[in-house]
file target_9.txt (compact mmCIF, C-alpha atoms)
# COMPACT_ATOMS: atom_id res chain seq x y z
CA GLN A 59 -4.97 -12.60 -9.06
CA VAL A 60 -4.49 -8.99 -8.07
CA GLN A 61 -1.89 -6.66 -9.52
CA LEU A 62 -0.63 -3.59 -7.70
CA VAL A 63 0.96 -0.75 -9.64
CA GLU A 64 2.65 2.10 -7.80
CA SER A 65 3.40 5.60 -9.00
CA GLY A 66 5.15 8.53 -7.42
CA GLY A 67 8.45 8.35 -5.66
CA GLY A 68 11.71 10.02 -6.56
CA SER A 69 14.01 12.44 -4.80
CA VAL A 70 13.19 15.33 -2.52
CA GLN A 71 14.92 17.57 -0.02
CA ALA A 72 14.35 17.09 3.68
CA GLY A 73 11.20 18.89 4.78
CA GLY A 74 9.58 18.38 1.41
CA SER A 75 6.50 16.43 0.41
CA MET A 76 5.71 13.59 -1.90
CA ARG A 77 2.65 11.51 -2.77
CA LEU A 78 2.61 7.85 -3.68
CA SER A 79 -0.30 6.17 -5.42
CA CYS A 80 -1.14 2.53 -5.91
CA VAL A 81 -3.87 1.01 -8.04
CA ALA A 82 -5.12 -2.53 -7.59
CA SER A 83 -6.46 -4.35 -10.63
CA GLY A 84 -7.56 -7.83 -11.47
CA SER A 85 -10.68 -9.89 -11.77
CA LYS A 86 -13.17 -10.82 -9.07
CA PHE A 87 -11.54 -9.53 -5.92
CA THR A 88 -12.29 -7.41 -2.91
CA ILE A 89 -9.75 -5.45 -0.94
CA ASN A 90 -9.69 -6.11 2.81
CA SER A 91 -6.86 -3.71 3.57
CA MET A 92 -4.38 -1.75 1.51
CA GLY A 93 -1.39 0.39 2.24
CA TRP A 94 2.36 0.77 2.25
CA TYR A 95 5.46 -0.86 3.61
CA ARG A 96 9.06 0.25 3.19
CA GLU A 97 12.40 -1.44 3.12
CA VAL A 98 16.01 -0.34 3.42
CA PRO A 99 19.04 -2.58 2.82
CA GLY A 100 19.90 -4.68 5.84
CA LYS A 101 16.57 -4.17 7.55
CA GLU A 102 13.26 -5.97 7.50
CA ARG A 103 10.39 -4.55 5.53
CA GLU A 104 8.30 -2.44 7.88
CA LEU A 105 4.73 -1.25 7.87
CA VAL A 106 4.31 2.43 7.11
CA ALA A 107 0.56 2.85 6.83
CA VAL A 108 -2.27 0.46 6.15
CA ARG A 109 -5.97 1.23 5.91
CA ALA A 110 -8.59 -1.45 6.34
CA LYS A 111 -11.86 -1.32 4.45
CA ASP A 112 -13.64 -0.39 7.67
CA GLY A 113 -11.49 2.72 7.83
CA VAL A 114 -9.15 1.64 10.61
CA VAL A 115 -5.64 2.97 9.96
CA ASN A 116 -2.42 1.53 11.28
CA LEU A 117 0.49 4.00 11.13
CA GLU A 118 4.11 3.45 12.02
CA ASP A 119 5.04 5.65 14.99
CA SER A 120 7.77 7.61 13.22
CA VAL A 121 5.42 8.83 10.49
CA LYS A 122 2.49 9.87 12.68
CA GLY A 123 1.71 13.52 12.14
CA ARG A 124 3.63 13.55 8.86
CA PHE A 125 2.15 10.86 6.62
CA THR A 126 -1.48 10.38 5.70
CA ILE A 127 -3.07 7.40 4.00
CA ALA A 128 -6.22 7.69 1.98
CA ARG A 129 -8.13 5.16 -0.06
CA ASP A 130 -10.55 5.52 -2.92
CA GLY A 131 -12.47 2.27 -2.86
CA ALA A 132 -14.34 3.07 -6.03
CA VAL A 133 -11.16 2.78 -8.05
CA ASN A 134 -9.19 0.47 -5.72
CA THR A 135 -6.52 3.10 -5.19
CA VAL A 136 -4.56 4.00 -2.09
CA TYR A 137 -2.52 7.14 -1.60
CA LEU A 138 0.28 7.96 0.78
CA GLN A 139 0.80 11.67 1.34
CA MET A 140 4.20 12.19 2.89
CA ASN A 141 4.99 15.58 4.42
CA LYS A 142 7.96 16.85 6.37
CA LEU A 143 10.10 14.13 4.89
CA LYS A 144 13.29 13.17 6.68
CA PRO A 145 16.44 11.46 5.37
CA GLU A 146 15.50 8.41 7.45
CA ASP A 147 12.36 8.05 5.31
CA THR A 148 14.62 7.07 2.42
CA ALA A 149 13.61 3.57 1.35
CA ILE A 150 11.88 1.52 -1.27
CA TYR A 151 8.17 1.80 -0.66
CA TYR A 152 5.99 -1.18 -1.50
CA CYS A 153 2.27 -1.11 -2.04
CA TYR A 154 0.49 -3.86 -0.12
CA ALA A 155 -2.97 -5.34 -0.28
CA ASP A 156 -4.80 -8.08 1.55
CA ALA A 157 -7.35 -9.17 -1.00
CA SER A 158 -9.96 -11.89 -1.27
CA THR A 159 -10.64 -13.47 -4.63
CA TYR A 160 -13.58 -15.43 -5.87
CA THR A 161 -14.82 -17.20 -8.96
CA TYR A 162 -18.08 -18.56 -10.29
CA LYS A 163 -19.12 -22.10 -10.98
CA GLY A 164 -22.18 -21.59 -13.03
CA TRP A 165 -24.23 -19.13 -11.05
CA THR A 166 -22.62 -20.01 -7.73
CA ARG A 167 -19.97 -17.74 -6.30
CA VAL A 168 -17.01 -19.65 -4.89
CA ASP A 169 -14.70 -17.80 -2.51
CA GLN A 170 -11.02 -18.56 -2.96
CA GLY A 171 -9.74 -17.07 0.26
CA ASN A 172 -7.45 -14.12 0.86
CA ARG A 173 -3.74 -13.50 0.56
CA ASP A 174 -1.19 -10.72 0.53
CA TYR A 175 -0.18 -8.95 -2.65
CA TRP A 176 2.78 -6.63 -3.28
CA GLY A 177 3.69 -4.00 -5.80
CA GLN A 178 7.07 -3.80 -7.48
CA GLY A 179 8.29 -1.01 -5.20
CA THR A 180 9.11 2.62 -5.77
CA ARG A 181 12.19 4.40 -4.46
CA VAL A 182 11.93 7.44 -2.23
CA SER A 183 15.13 9.37 -1.53
CA VAL A 184 15.24 12.24 0.93
CA ALA A 185 18.37 14.37 0.87
CA SER A 186 19.53 16.23 3.96
call {"tool": "encode", "arguments": {"input": "target_9.txt", "output": "structure tokens"}}
result
Amino acid sequence: QVQLVESGGGSVQAGGSMRLSCVASGSKFTINSMGWYREVPGKERELVAVRAKDGVVNLEDSVKGRFTIARDGAVNTVYLQMNKLKPEDTAIYYCYADASTYTYKGWTRVDQGNRDYWGQGTRVSVAS
């Protein structure tokens, strides 16, 4: 199992900045990709920014040029730097990870496959 714990979030004025952090923890896992989604009431959860372990980044069009995703693989942490925030960025932001887990039977490593994991969400409010 993998646990994701977010930090950051809160309220900010339009044009301001905010940084979200998310740490992945658990036992015997590797991160394939990690990033952020967001959700507002009445809408589907949408991808904001996801970074794969090969460095490929997928950014939602409306945040390009304003948001940056960075990952510290050594500590299984992903950051979302949000600049020039707009009221329409107001949402609950969820940390996401695609992670593979494994176990050992004796000395033999047994892969258990991969799945999606989610954090508990952190609220970001941008006032106009």
call {"tool": "closest_residue", "arguments": {"input": "target_9.txt", "among": "A:Leu138, A:Ala185, A:Ala155, A:Ile127", "to": "A:Thr88", "atoms": "only C-alpha atoms"}}
result
A:Ala155
call {"tool": "residues_around", "arguments": {"input": "target_9.txt", "residues": "A:Asn116", "least_positions_apart": "3", "cutoff": "8 Å", "atoms": "all atoms listed in the file", "output": "ChimeraX atom specification"}}
result
/A:106-109
call {"tool": "residues_around", "arguments": {"input": "target_9.txt", "residues": "stretch 76-81 of chain A", "least_positions_apart": "6", "cutoff": "7 Å", "atoms": "only C-alpha atoms", "output": "MDAnalysis selection string"}}
result
chainID A and resid 62:67 134:141 153
call {"tool": "closest_residue", "arguments": {"input": "target_9.txt", "among": "A:Gly74, A:Pro145, A:Gly93, A:Gly164", "to": "A:Asp130", "atoms": "all atoms listed in the file"}}
result
A:Gly93
call {"tool": "atom_distance", "arguments": {"input": "target_9.txt", "atom1": "atom CA of A:Leu117", "atom2": "atom CA of A:Thr159"}}
result
26.0 Å
call {"tool": "axis_aligned_box", "arguments": {"input": "target_9.txt", "around": "stretch 159-171 of chain A", "padding_each_side": "8 Å", "output": "AutoDock Vina command-line options"}}
result
--center_x -17.0 --center_y -17.8 --center_z -6.4 --size_x 30.5 --size_y 24.6 --size_z 29.3
call {"tool": "residues_around", "arguments": {"input": "target_9.txt", "residues": "A:Gln170", "least_positions_apart": "5", "cutoff": "12 Å", "atoms": "all atoms listed in the file", "output": "JSON list (two decimals) with C-alpha atoms, keeping the file's coordinate frame"}}
result
[["chain", "number", "residue", "atom", "x", "y", "z"],
["A", 59, "GLN", "CA", -4.97, -12.60, -9.06],
["A", 86, "LYS", "CA", -13.17, -10.82, -9.07],
["A", 87, "PHE", "CA", -11.54, -9.53, -5.92],
["A", 88, "THR", "CA", -12.29, -7.41, -2.91],
["A", 157, "ALA", "CA", -7.35, -9.17, -1.00],
["A", 158, "SER", "CA", -9.96, -11.89, -1.27],
["A", 159, "THR", "CA", -10.64, -13.47, -4.63],
["A", 160, "TYR", "CA", -13.58, -15.43, -5.87],
["A", 161, "THR", "CA", -14.82, -17.20, -8.96],
["A", 162, "TYR", "CA", -18.08, -18.56, -10.29],
["A", 163, "LYS", "CA", -19.12, -22.10, -10.98]]
call {"tool": "residues_near_point", "arguments": {"input": "target_9.txt", "point": "(13.5, 9.9, -5.8)", "cutoff": "7 Å", "atoms": "all atoms listed in the file", "output": "PyMOL selection string"}}
result
chain A and resi 67-70+181-183
call {"tool": "residues_around", "arguments": {"input": "target_9.txt", "residues": "A:Leu105", "least_positions_apart": "2", "cutoff": "7 Å", "atoms": "only C-alpha atoms", "output": "PDB file with C-alpha atoms, in the coordinates of the input"}}
result
ATOM      1  CA  TRP A  94       2.360   0.770   2.250  1.00  0.00           C
ATOM      2  CA  TYR A  95       5.460  -0.860   3.610  1.00  0.00           C
ATOM      3  CA  ARG A  96       9.060   0.250   3.190  1.00  0.00           C
ATOM      4  CA  ARG A 103      10.390  -4.550   5.530  1.00  0.00           C
ATOM      5  CA  ALA A 107       0.560   2.850   6.830  1.00  0.00           C
ATOM      6  CA  GLU A 118       4.110   3.450  12.020  1.00  0.00           C
TER       7      GLU A 118
END
call {"tool": "decode", "arguments": {"input": "target_9.txt", "residues": "stretch 92-109 of chain A", "atoms": "N, CA and C atoms", "output": "compact mmCIF listing (two decimals), in the first residue's frame"}}
result
# COMPACT_ATOMS: atom_id res chain seq x y z
N MET A 92 3.45 10.75 -10.77
CA MET A 92 2.92 11.39 -9.57
C MET A 92 2.54 12.82 -9.91
N GLY A 93 1.47 13.31 -9.31
CA GLY A 93 1.08 14.66 -9.65
C GLY A 93 -0.18 15.09 -8.95
N TRP A 94 -0.95 15.94 -9.63
CA TRP A 94 -2.10 16.57 -9.01
C TRP A 94 -3.30 16.60 -9.95
N TYR A 95 -4.44 16.38 -9.33
CA TYR A 95 -5.74 16.59 -9.96
C TYR A 95 -6.50 17.59 -9.11
N ARG A 96 -7.58 18.15 -9.66
CA ARG A 96 -8.42 19.04 -8.87
C ARG A 96 -9.88 18.79 -9.20
N GLU A 97 -10.70 19.18 -8.24
CA GLU A 97 -12.13 18.91 -8.37
C GLU A 97 -12.92 20.06 -7.79
N VAL A 98 -13.96 20.46 -8.51
CA VAL A 98 -14.92 21.44 -8.00
C VAL A 98 -16.29 20.79 -8.02
N PRO A 99 -17.19 21.23 -7.14
CA PRO A 99 -18.52 20.62 -7.07
C PRO A 99 -19.23 20.66 -8.42
N GLY A 100 -19.80 19.55 -8.80
CA GLY A 100 -20.56 19.49 -10.04
C GLY A 100 -19.74 19.18 -11.28
N LYS A 101 -18.43 19.08 -11.10
CA LYS A 101 -17.56 18.78 -12.24
C LYS A 101 -16.72 17.55 -11.95
N GLU A 102 -16.26 16.93 -13.02
CA GLU A 102 -15.38 15.77 -12.86
C GLU A 102 -14.00 16.21 -12.40
N ARG A 103 -13.35 15.31 -11.69
CA ARG A 103 -11.97 15.58 -11.29
C ARG A 103 -11.12 15.68 -12.56
N GLU A 104 -10.27 16.71 -12.61
CA GLU A 104 -9.47 16.92 -13.80
C GLU A 104 -7.98 16.93 -13.48
N LEU A 105 -7.21 16.48 -14.45
CA LEU A 105 -5.76 16.49 -14.30
C LEU A 105 -5.27 17.94 -14.30
N VAL A 106 -4.36 18.22 -13.39
CA VAL A 106 -3.70 19.53 -13.37
C VAL A 106 -2.28 19.38 -13.89
N ALA A 107 -1.52 18.51 -13.27
CA ALA A 107 -0.13 18.30 -13.67
C ALA A 107 0.31 16.95 -13.14
N VAL A 108 0.89 16.17 -14.02
CA VAL A 108 1.43 14.87 -13.63
C VAL A 108 2.80 14.71 -14.26
N ARG A 109 3.73 14.21 -13.47
CA ARG A 109 5.10 14.00 -13.95
C ARG A 109 5.43 12.51 -13.85
